[in-house]
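Have a look at work.cif; it's mmCIF, C-alpha atoms and all ligand atoms:
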data_coords
#
loop_
_atom_site.label_atom_id
_atom_site.label_comp_id
_atom_site.auth_asym_id
_atom_site.auth_seq_id
_atom_site.Cartn_x
_atom_site.Cartn_y
_atom_site.Cartn_z
CA MET A 1 -4.04 -19.12 -12.76
CA GLY A 2 -3.03 -20.21 -16.25
CA VAL A 3 0.04 -18.31 -17.37
CA ALA A 4 2.13 -18.39 -20.51
CA PHE A 5 5.59 -16.90 -20.16
CA SER A 6 8.16 -16.31 -22.84
CA LEU A 7 11.43 -14.41 -22.79
CA SER A 8 10.24 -11.18 -24.34
CA VAL A 9 8.16 -8.93 -22.10
CA GLN A 10 6.10 -7.84 -25.12
CA GLU A 11 5.13 -11.44 -25.68
CA VAL A 12 3.99 -12.13 -22.15
CA ARG A 13 0.46 -13.43 -22.26
CA MET A 14 -1.53 -13.46 -19.07
CA GLU A 15 -4.82 -15.11 -18.41
CA VAL A 16 -6.80 -13.41 -15.71
CA ASP A 17 -8.17 -15.53 -12.93
CA ARG A 18 -11.61 -13.89 -12.83
CA ARG A 19 -12.37 -14.92 -9.30
CA ALA A 20 -9.05 -13.63 -7.95
CA PHE A 21 -9.42 -10.42 -9.90
CA ILE A 22 -12.94 -9.73 -8.59
CA ALA A 23 -11.83 -10.63 -5.06
CA SER A 24 -8.92 -8.20 -5.38
CA LEU A 25 -11.40 -5.42 -6.10
CA GLY A 26 -13.47 -6.17 -3.03
CA GLY A 27 -15.99 -8.65 -4.45
CA VAL A 28 -18.86 -8.55 -6.94
CA ALA A 29 -20.75 -5.83 -5.04
CA ALA A 30 -17.73 -3.51 -5.20
CA VAL A 31 -17.20 -4.26 -8.91
CA ASN A 32 -20.84 -3.43 -9.65
CA LEU A 33 -20.25 0.05 -8.24
CA MET A 34 -17.39 0.72 -10.65
CA ASP A 35 -17.88 2.35 -14.02
CA HIS A 36 -16.30 1.01 -17.19
CA GLU A 37 -13.24 3.25 -16.93
CA ALA A 38 -12.56 2.25 -13.31
CA LYS A 39 -12.87 -1.44 -14.23
CA ALA A 40 -10.47 -1.08 -17.14
CA GLU A 41 -8.05 0.79 -14.90
CA ALA A 42 -8.30 -1.85 -12.17
CA LEU A 43 -7.70 -4.64 -14.67
CA GLU A 44 -4.62 -2.86 -15.93
CA HIS A 45 -3.22 -2.49 -12.39
CA TYR A 46 -4.01 -6.13 -11.69
CA MET A 47 -2.19 -7.26 -14.83
CA GLU A 48 0.79 -5.06 -13.98
CA ASP A 49 1.00 -6.53 -10.48
CA LYS A 50 0.74 -10.07 -11.87
CA LEU A 51 3.47 -9.32 -14.37
CA ASP A 52 5.72 -8.00 -11.60
CA GLU A 53 5.05 -11.16 -9.60
CA MET A 54 5.82 -13.37 -12.60
CA ILE A 55 9.07 -11.59 -13.30
CA ALA A 56 10.03 -11.69 -9.62
CA ALA A 57 9.29 -15.42 -9.47
CA GLN A 58 11.67 -15.99 -12.40
CA GLN A 59 14.50 -14.31 -10.54
CA PRO A 60 16.76 -16.61 -8.54
CA ALA A 61 17.23 -15.37 -4.96
CA ASP A 62 20.97 -14.82 -5.45
CA LYS A 63 20.33 -12.53 -8.42
CA PHE A 64 19.01 -9.57 -6.47
CA PRO A 65 20.35 -6.28 -7.81
CA THR A 66 22.88 -4.12 -6.03
CA VAL A 67 22.19 -0.58 -4.83
CA ALA A 68 24.37 0.66 -7.71
CA GLU A 69 22.34 -1.31 -10.28
CA ILE A 70 19.11 0.13 -8.94
CA GLU A 71 20.56 3.62 -9.07
CA ALA A 72 21.59 3.05 -12.69
CA GLN A 73 17.90 2.56 -13.56
CA ILE A 74 16.93 6.08 -12.45
CA GLU A 75 17.75 7.69 -15.78
CA THR A 76 15.80 5.05 -17.69
CA ARG A 77 12.45 6.44 -16.47
CA PRO A 78 10.53 9.64 -17.15
CA PHE A 79 9.40 9.77 -13.51
CA ARG A 80 10.94 9.14 -10.10
CA ARG A 81 10.19 5.94 -8.20
CA GLY A 82 8.77 7.84 -5.24
CA VAL A 83 5.84 9.35 -7.11
CA GLY A 84 2.38 8.35 -5.85
CA SER A 85 0.49 5.84 -7.98
CA VAL A 86 -2.34 8.25 -8.88
CA PHE A 87 0.21 10.48 -10.63
CA THR A 88 1.76 8.05 -13.03
CA SER A 89 1.20 4.94 -15.09
CA ASN A 90 3.62 2.10 -15.69
CA LYS A 91 2.18 1.74 -19.14
CA GLY A 92 1.54 4.62 -21.52
CA ASN A 93 -0.43 7.69 -20.55
CA VAL A 94 -2.45 8.13 -17.40
CA LYS A 95 -6.26 7.89 -17.70
CA ILE A 96 -9.07 10.27 -16.76
CA ILE A 97 -9.64 9.70 -13.07
CA GLU A 98 -13.20 9.42 -11.74
CA LYS A 99 -14.34 12.45 -9.73
CA MET A 100 -14.80 12.09 -5.99
CA PRO A 101 -18.23 12.79 -4.44
CA ASP A 102 -18.65 16.23 -2.80
CA LYS A 103 -18.33 14.85 0.72
CA PRO A 104 -16.05 11.89 0.26
CA THR A 105 -15.79 9.15 2.86
CA LEU A 106 -13.00 6.67 3.55
CA HIS A 107 -14.95 4.11 1.51
CA ASP A 108 -15.05 6.51 -1.45
CA PHE A 109 -11.28 6.89 -1.30
CA PHE A 110 -10.84 3.12 -1.13
CA ARG A 111 -13.00 2.71 -4.21
CA LEU A 112 -11.71 5.60 -6.31
CA ARG A 113 -8.14 6.36 -5.21
CA PHE A 114 -6.66 3.45 -3.23
CA ALA A 115 -8.17 0.69 -5.45
CA PRO A 116 -7.57 -2.15 -5.91
CA ALA A 117 -6.12 -1.95 -2.35
CA ASN A 118 -5.62 -5.68 -2.53
CA HIS A 119 -2.47 -5.59 -0.39
CA VAL A 120 -3.92 -3.62 2.54
CA LEU A 121 -7.21 -5.57 2.50
CA GLN A 122 -5.29 -8.80 2.58
CA SER A 123 -3.10 -7.59 5.46
CA ALA A 124 -6.12 -6.49 7.47
CA THR A 125 -7.95 -9.75 6.72
CA ARG A 126 -5.02 -11.67 8.14
CA ALA A 127 -4.95 -9.42 11.22
CA LEU A 128 -8.67 -9.97 11.76
CA LYS A 129 -8.38 -13.76 11.37
CA THR A 130 -5.52 -13.97 13.84
CA GLY A 131 -7.46 -12.04 16.47
CA MET A 132 -5.43 -8.86 16.64
CA SER A 133 -6.69 -5.71 18.35
CA GLU A 134 -9.05 -3.41 16.46
CA GLU A 135 -6.36 -0.69 16.45
CA VAL A 136 -3.93 -3.07 14.72
CA VAL A 137 -6.56 -4.30 12.24
CA LEU A 138 -7.35 -0.68 11.35
CA ALA A 139 -3.62 0.11 11.01
CA CYS A 140 -3.17 -2.87 8.67
CA LEU A 141 -6.12 -1.71 6.59
CA LEU A 142 -4.65 1.78 6.17
CA HIS A 143 -0.90 1.18 6.41
CA ASP A 144 0.05 1.62 2.72
CA CYS A 145 -2.90 3.64 1.37
CA VAL A 146 -0.76 6.77 1.17
CA LEU A 147 1.32 5.13 -1.60
CA SER A 148 -1.32 6.54 -3.95
CA LEU A 149 -0.03 9.99 -2.96
CA ILE A 150 3.68 9.50 -2.29
CA LYS A 151 6.10 6.65 -1.62
CA PRO A 152 9.27 7.75 0.23
CA ASP A 153 8.77 7.83 4.01
CA HIS A 154 5.27 6.43 3.51
CA GLY A 155 5.06 5.46 7.18
CA TRP A 156 5.30 9.09 8.27
CA TRP A 157 3.13 10.42 5.42
CA GLY A 158 0.51 7.73 5.98
CA ALA A 159 0.32 8.37 9.72
CA GLN A 160 -0.08 12.10 9.05
CA LEU A 161 -2.86 11.50 6.52
CA PHE A 162 -4.93 9.41 8.93
CA GLU A 163 -3.90 10.84 12.32
CA PRO A 164 -6.82 13.29 12.76
CA TYR A 165 -9.33 10.45 12.31
CA ILE A 166 -7.98 7.33 14.00
CA PRO A 167 -6.79 6.08 17.44
CA GLU A 168 -3.29 7.14 18.49
CA LYS A 169 -2.09 3.53 18.57
CA SER A 170 -3.18 2.95 14.96
CA ALA A 171 -1.36 6.10 13.80
CA PHE A 172 1.74 4.99 15.73
CA ALA A 173 1.58 1.58 14.02
CA ILE A 174 1.28 3.14 10.56
CA ARG A 175 4.09 5.67 11.17
CA TYR A 176 6.60 3.07 12.36
CA HIS A 177 5.78 -0.04 10.32
CA GLN A 178 8.04 1.44 7.60
CA THR A 179 11.04 1.37 9.95
CA LEU A 180 10.39 -2.11 11.37
CA ARG A 181 10.16 -3.59 7.86
CA PHE A 182 13.97 -3.33 7.73
CA TYR A 183 14.55 -5.30 10.94
CA ALA A 184 13.78 -8.99 11.44
CA ASP A 185 12.12 -10.13 14.66
CA ASP A 186 12.21 -13.92 15.01
CA ASP A 187 10.09 -13.95 18.17
CA ALA A 188 7.31 -12.05 16.41
CA GLY A 189 7.68 -14.21 13.26
CA TYR A 190 8.90 -11.45 10.97
CA GLU A 191 11.74 -11.99 8.47
CA TYR A 192 13.50 -9.41 6.29
CA PRO A 193 11.54 -9.53 3.01
CA ASP A 194 13.04 -10.74 -0.28
CA GLN A 195 11.07 -7.95 -1.89
CA TYR A 196 13.38 -5.45 -0.16
CA TYR A 197 16.50 -7.09 -1.61
CA ARG A 198 14.79 -6.62 -4.96
CA ILE A 199 13.61 -3.02 -4.63
CA PHE A 200 16.38 -1.50 -2.48
CA GLY A 201 19.31 -3.74 -3.52
CA HIS A 202 20.76 -6.68 -1.62
CA ASP A 203 23.55 -4.52 -0.17
CA TYR A 204 21.25 -1.72 1.01
CA GLN A 205 21.74 -0.26 4.48
CA PRO A 206 18.84 1.77 5.89
CA PRO A 207 19.82 5.42 6.49
CA GLN A 208 20.77 6.69 9.94
CA TYR A 209 17.34 8.17 10.74
CA ILE A 210 15.76 4.74 10.21
CA ALA A 211 18.40 3.08 12.43
CA ASP A 212 17.78 5.72 15.12
CA THR A 213 14.01 5.27 14.87
CA TYR A 214 14.45 1.50 15.27
CA LYS A 215 16.54 2.04 18.40
CA MET A 216 13.78 4.24 19.84
CA LEU A 217 11.07 1.68 18.95
CA LYS A 218 12.87 -1.29 20.52
CA ASN A 219 12.40 0.28 23.94
CA HIS A 220 8.96 1.71 23.32
CA LYS A 221 5.92 0.34 25.17
CA TRP A 222 4.01 0.32 21.86
CA TYR A 223 6.71 -1.57 19.91
CA MET A 224 4.31 -4.40 19.09
CA GLU A 225 1.76 -2.13 17.39
CA PRO A 226 3.87 -1.43 14.27
CA ARG A 227 5.55 -4.84 14.59
CA LEU A 228 2.18 -6.56 14.15
CA VAL A 229 1.57 -4.51 11.02
CA THR A 230 4.83 -5.90 9.58
CA VAL A 231 3.82 -9.44 10.57
CA ASN A 232 0.63 -9.03 8.49
CA ASP A 233 2.41 -7.21 5.66
CA LEU A 234 2.38 -9.89 2.97
CA TYR A 235 2.90 -9.68 -0.74
CA ALA A 236 1.58 -13.06 -1.79
CA PHE A 237 -2.01 -13.07 -2.92
CA ASP A 238 -4.03 -16.18 -2.30
CA PRO A 239 -6.39 -16.47 -5.29
CA ASN A 240 -8.94 -18.26 -3.12
CA ALA A 241 -8.98 -15.52 -0.50
CA LYS A 242 -12.02 -13.32 -0.77
CA VAL A 243 -10.93 -9.93 0.49
CA SER A 244 -13.26 -6.97 0.68
CA ILE A 245 -13.77 -3.92 2.83
CA GLU A 246 -17.13 -5.04 4.29
CA PRO A 247 -15.64 -7.15 7.13
CA PHE A 248 -14.01 -3.92 8.37
CA ASP A 249 -17.11 -1.73 8.27
CA ASP A 250 -17.74 -2.14 12.01
CA ILE A 251 -14.14 -1.37 12.95
CA ILE A 252 -14.13 1.66 10.63
CA GLY A 253 -17.45 2.77 12.15
CA ARG A 254 -16.08 2.50 15.68
CA HIS A 255 -12.61 3.94 15.13
CA PHE A 256 -12.55 6.16 12.03
CA LYS A 257 -13.96 9.64 12.69
CA GLN A 258 -15.46 10.40 9.30
CA PRO A 259 -15.83 14.22 9.09
CA LYS A 260 -19.35 15.32 8.14
CA GLU A 261 -17.92 17.85 5.61
CA GLY A 262 -16.12 15.01 3.80
CA LEU A 263 -12.42 14.11 3.83
CA GLY A 264 -10.53 17.13 2.52
CA TYR A 265 -13.05 19.77 3.64
CA ASP A 266 -12.92 19.65 7.44
CA ASN A 267 -9.83 21.89 7.90
CA SER A 268 -7.93 19.08 9.62
CA PRO A 269 -4.10 19.18 9.50
CA SER A 270 -4.17 16.63 6.66
CA ALA A 271 -7.21 17.92 4.72
CA HIS A 272 -4.97 19.20 1.90
CA MET A 273 -3.51 15.72 1.44
CA TRP A 274 -6.99 14.29 0.84
CA ARG A 275 -7.77 17.11 -1.59
CA THR A 276 -4.56 16.42 -3.54
CA LEU A 277 -5.58 12.76 -3.80
CA ALA A 278 -9.04 13.82 -4.94
CA ARG A 279 -7.68 16.15 -7.68
CA PRO A 280 -4.33 14.83 -8.90
CA ASP A 281 -4.71 16.67 -12.21
CA ASN A 282 -4.70 20.16 -10.66
CA PRO A 283 -1.73 22.09 -12.07
CA LEU A 284 -1.20 23.97 -8.80
FE FE B 1 4.41 -0.14 4.02
FE FE B 2 2.49 -3.12 3.23
#
Let's see the structure in the file written out as structure tokens.
Ligand SMILES: [Fe+2]
Ligand SMILES: [Fe+2]
Amino acid sequence: MGVAFSLSVQEVRMEVDRRAFIASLGGVAAVNLMDHEAKAEALEHYMEDKLDEMIAAQQPADKFPTVAEIEAQIETRPFRRGVGSVFTSNKGNVKIIEKMPDKPTLHDFFRLRFAPANHVLQSATRALKTGMSEEVVLACLLHDCVLSLIKPDHGWWGAQLFEPYIPEKSAFAIRYHQTLRFYADDDAGYEYPDQYYRIFGHDYQPPQYIADTYKMLKNHKWYMEPRLVTVNDLYAFDPNAKVSIEPFDDIIGRHFKQPKEGLGYDNSPSAHMWRTLARPDNPL
């Protein structure tokens, strides 16, 4: 990707790698289904992510912020960091969001609320390529989707969102990947991520409930389920990788119990969460 970078953020000029951008949206077929507004929105998100990557790449590893420095940024924003991505915009005002169909499916949510979903598609693609179980592939595909709704404790929220529709092992993997992200496991090939030094502070200590959850998981017979999600949980995006949801259609078909009434309208314990994602502009 050709990139020009100068010191002032306003002057940053980014050239979009068209192939990588289209791949990040799930391929040409997926892009053809998007209306103009959705495409513009997706491009904006893509540019924001690229900008974050560029800025991160400029930062020497020993220059990670402290917890105190991160806390000092709180009052510089009109929103809190934990707000779900459908509720805010990093740049200016939010846009009109495309309406969901009457009986929305998981695919509809991927297209209209979780998009571009680049990170989860890439994680699941890696899980598929390395021959992981279908439960783990599904968990990788869904593990961060709830970030559109809410960010703190996203492992627990995400597991709750999907639990009525997916295998127990996949829900377990989603719930606990959040905890295991804080703990390296050399044997499994998982290192503590630099990204966490950046977003939590280099001197951050996970709270007691996370430490307790880790202790529980270490002795759990399903420890490897969430651990494998962390192993596939990558930030880097390979511009040559073609990620899309189609390779997961069979796994979704076998393991995701799509309700005939549509997600949000089946009276499941998480139906209200799907409805909130569908209508983020509702005042109450
Ligand atoms: Fe996550
Ligand atoms: Fe992730």
(message) Quick one: residues within 10 Å of A:Val83, only C-alpha atoms, excluding same-chain residues fewer than 4 positions away - as a PyMOL selection string?
(response) chain A and resi 79+87-88+147-152
Can you pull out every residue within 12 Å of stretch 208-213 of chain A, counting all atoms listed in the file, but drop anything in the same chain fewer than 6 positions away, and send it as a PDB file with C-alpha atoms, in the frame of the given file?
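Wrote it out as result21.pdb, contents follow:
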ATOM      1  CA  ASP A 153       8.770   7.830   4.010  1.00  0.00           C
ATOM      2  CA  GLY A 155       5.060   5.460   7.180  1.00  0.00           C
ATOM      3  CA  TRP A 156       5.300   9.090   8.270  1.00  0.00           C
ATOM      4  CA  ARG A 175       4.090   5.670  11.170  1.00  0.00           C
ATOM      5  CA  TYR A 176       6.600   3.070  12.360  1.00  0.00           C
ATOM      6  CA  HIS A 177       5.780  -0.040  10.320  1.00  0.00           C
ATOM      7  CA  GLN A 178       8.040   1.440   7.600  1.00  0.00           C
ATOM      8  CA  THR A 179      11.040   1.370   9.950  1.00  0.00           C
ATOM      9  CA  LEU A 180      10.390  -2.110  11.370  1.00  0.00           C
ATOM     10  CA  ARG A 181      10.160  -3.590   7.860  1.00  0.00           C
ATOM     11  CA  PHE A 182      13.970  -3.330   7.730  1.00  0.00           C
ATOM     12  CA  TYR A 183      14.550  -5.300  10.940  1.00  0.00           C
ATOM     13  CA  ASN A 219      12.400   0.280  23.940  1.00  0.00           C
ATOM     14  CA  HIS A 220       8.960   1.710  23.320  1.00  0.00           C
ATOM     15  CA  TYR A 223       6.710  -1.570  19.910  1.00  0.00           C
TER      16      TYR A 223
END
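The gap separating atom CA of A:Glu163 from atom CA of A:Lys260 is 16.6 Å, in Å to one decimal.
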(request) Point out the residue among A:Pro78, A:Pro65, A:Pro247, A:Pro226 with the least atom-to-atom distance to ligand FE 2 (chain B), counting all atoms listed in the file. (result) A:Pro226
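Counting all atoms listed in the file, the residue from A:Arg279, A:His272, A:Lys242, A:Arg113 that sits nearest to A:Leu161 is A:His272.
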Missing atoms in stretch 61-86 of chain A need filling: write out N, CA and C atoms for it as a PDB file, keeping the file's coordinate frame.
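So the final result, stored in result04.pdb, reads:
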ATOM      1  N   ALA A  61      17.029 -16.200  -6.142  1.00  0.00           N
ATOM      2  CA  ALA A  61      17.230 -15.370  -4.960  1.00  0.00           C
ATOM      3  C   ALA A  61      18.612 -14.712  -4.929  1.00  0.00           C
ATOM      4  N   ASP A  62      19.619 -15.404  -5.514  1.00  0.00           N
ATOM      5  CA  ASP A  62      20.970 -14.820  -5.450  1.00  0.00           C
ATOM      6  C   ASP A  62      21.202 -13.798  -6.562  1.00  0.00           C
ATOM      7  N   LYS A  63      20.178 -13.495  -7.320  1.00  0.00           N
ATOM      8  CA  LYS A  63      20.330 -12.530  -8.420  1.00  0.00           C
ATOM      9  C   LYS A  63      19.710 -11.179  -8.088  1.00  0.00           C
ATOM     10  N   PHE A  64      19.569 -10.871  -6.819  1.00  0.00           N
ATOM     11  CA  PHE A  64      19.010  -9.570  -6.470  1.00  0.00           C
ATOM     12  C   PHE A  64      19.980  -8.486  -6.906  1.00  0.00           C
ATOM     13  N   PRO A  65      19.450  -7.349  -7.335  1.00  0.00           N
ATOM     14  CA  PRO A  65      20.350  -6.280  -7.810  1.00  0.00           C
ATOM     15  C   PRO A  65      21.120  -5.641  -6.665  1.00  0.00           C
ATOM     16  N   THR A  66      22.142  -4.898  -7.026  1.00  0.00           N
ATOM     17  CA  THR A  66      22.880  -4.120  -6.030  1.00  0.00           C
ATOM     18  C   THR A  66      22.269  -2.721  -5.972  1.00  0.00           C
ATOM     19  N   VAL A  67      22.634  -1.979  -4.951  1.00  0.00           N
ATOM     20  CA  VAL A  67      22.190  -0.580  -4.830  1.00  0.00           C
ATOM     21  C   VAL A  67      22.622   0.194  -6.082  1.00  0.00           C
ATOM     22  N   ALA A  68      23.851  -0.057  -6.543  1.00  0.00           N
ATOM     23  CA  ALA A  68      24.370   0.660  -7.710  1.00  0.00           C
ATOM     24  C   ALA A  68      23.547   0.338  -8.967  1.00  0.00           C
ATOM     25  N   GLU A  69      23.147  -0.930  -9.100  1.00  0.00           N
ATOM     26  CA  GLU A  69      22.340  -1.310 -10.280  1.00  0.00           C
ATOM     27  C   GLU A  69      20.969  -0.628 -10.250  1.00  0.00           C
ATOM     28  N   ILE A  70      20.404  -0.531  -9.067  1.00  0.00           N
ATOM     29  CA  ILE A  70      19.110   0.130  -8.940  1.00  0.00           C
ATOM     30  C   ILE A  70      19.241   1.617  -9.252  1.00  0.00           C
ATOM     31  N   GLU A  71      20.337   2.200  -8.794  1.00  0.00           N
ATOM     32  CA  GLU A  71      20.560   3.620  -9.070  1.00  0.00           C
ATOM     33  C   GLU A  71      20.744   3.864 -10.575  1.00  0.00           C
ATOM     34  N   ALA A  72      21.362   2.900 -11.243  1.00  0.00           N
ATOM     35  CA  ALA A  72      21.590   3.050 -12.690  1.00  0.00           C
ATOM     36  C   ALA A  72      20.281   3.059 -13.473  1.00  0.00           C
ATOM     37  N   GLN A  73      19.188   2.575 -12.853  1.00  0.00           N
ATOM     38  CA  GLN A  73      17.900   2.560 -13.560  1.00  0.00           C
ATOM     39  C   GLN A  73      17.193   3.917 -13.517  1.00  0.00           C
ATOM     40  N   ILE A  74      17.656   4.810 -12.642  1.00  0.00           N
ATOM     41  CA  ILE A  74      16.930   6.080 -12.450  1.00  0.00           C
ATOM     42  C   ILE A  74      16.764   6.822 -13.772  1.00  0.00           C
ATOM     43  N   GLU A  75      17.818   6.894 -14.544  1.00  0.00           N
ATOM     44  CA  GLU A  75      17.750   7.690 -15.780  1.00  0.00           C
ATOM     45  C   GLU A  75      17.103   6.935 -16.938  1.00  0.00           C
ATOM     46  N   THR A  76      16.528   5.775 -16.640  1.00  0.00           N
ATOM     47  CA  THR A  76      15.800   5.050 -17.690  1.00  0.00           C
ATOM     48  C   THR A  76      14.301   5.351 -17.618  1.00  0.00           C
ATOM     49  N   ARG A  77      13.891   6.175 -16.649  1.00  0.00           N
ATOM     50  CA  ARG A  77      12.450   6.440 -16.470  1.00  0.00           C
ATOM     51  C   ARG A  77      12.146   7.926 -16.600  1.00  0.00           C
ATOM     52  N   PRO A  78      10.923   8.231 -17.073  1.00  0.00           N
ATOM     53  CA  PRO A  78      10.530   9.640 -17.150  1.00  0.00           C
ATOM     54  C   PRO A  78       9.933  10.164 -15.837  1.00  0.00           C
ATOM     55  N   PHE A  79       9.935   9.353 -14.808  1.00  0.00           N
ATOM     56  CA  PHE A  79       9.400   9.770 -13.510  1.00  0.00           C
ATOM     57  C   PHE A  79      10.305   9.193 -12.436  1.00  0.00           C
ATOM     58  N   ARG A  80      10.150   9.702 -11.199  1.00  0.00           N
ATOM     59  CA  ARG A  80      10.940   9.140 -10.100  1.00  0.00           C
ATOM     60  C   ARG A  80      10.152   8.050  -9.388  1.00  0.00           C
ATOM     61  N   ARG A  81      10.863   7.092  -8.811  1.00  0.00           N
ATOM     62  CA  ARG A  81      10.190   5.940  -8.200  1.00  0.00           C
ATOM     63  C   ARG A  81       9.291   6.306  -7.030  1.00  0.00           C
ATOM     64  N   GLY A  82       9.543   7.492  -6.427  1.00  0.00           N
ATOM     65  CA  GLY A  82       8.770   7.840  -5.240  1.00  0.00           C
ATOM     66  C   GLY A  82       7.429   8.466  -5.524  1.00  0.00           C
ATOM     67  N   VAL A  83       7.089   8.661  -6.798  1.00  0.00           N
ATOM     68  CA  VAL A  83       5.840   9.350  -7.110  1.00  0.00           C
ATOM     69  C   VAL A  83       4.628   8.480  -6.755  1.00  0.00           C
ATOM     70  N   GLY A  84       3.586   9.097  -6.238  1.00  0.00           N
ATOM     71  CA  GLY A  84       2.380   8.350  -5.850  1.00  0.00           C
ATOM     72  C   GLY A  84       1.696   7.730  -7.054  1.00  0.00           C
ATOM     73  N   SER A  85       1.022   6.599  -6.840  1.00  0.00           N
ATOM     74  CA  SER A  85       0.490   5.840  -7.980  1.00  0.00           C
ATOM     75  C   SER A  85      -0.624   6.566  -8.728  1.00  0.00           C
ATOM     76  N   VAL A  86      -1.310   7.541  -8.105  1.00  0.00           N
ATOM     77  CA  VAL A  86      -2.340   8.250  -8.880  1.00  0.00           C
ATOM     78  C   VAL A  86      -1.712   9.221  -9.897  1.00  0.00           C
TER      79      VAL A  86
END
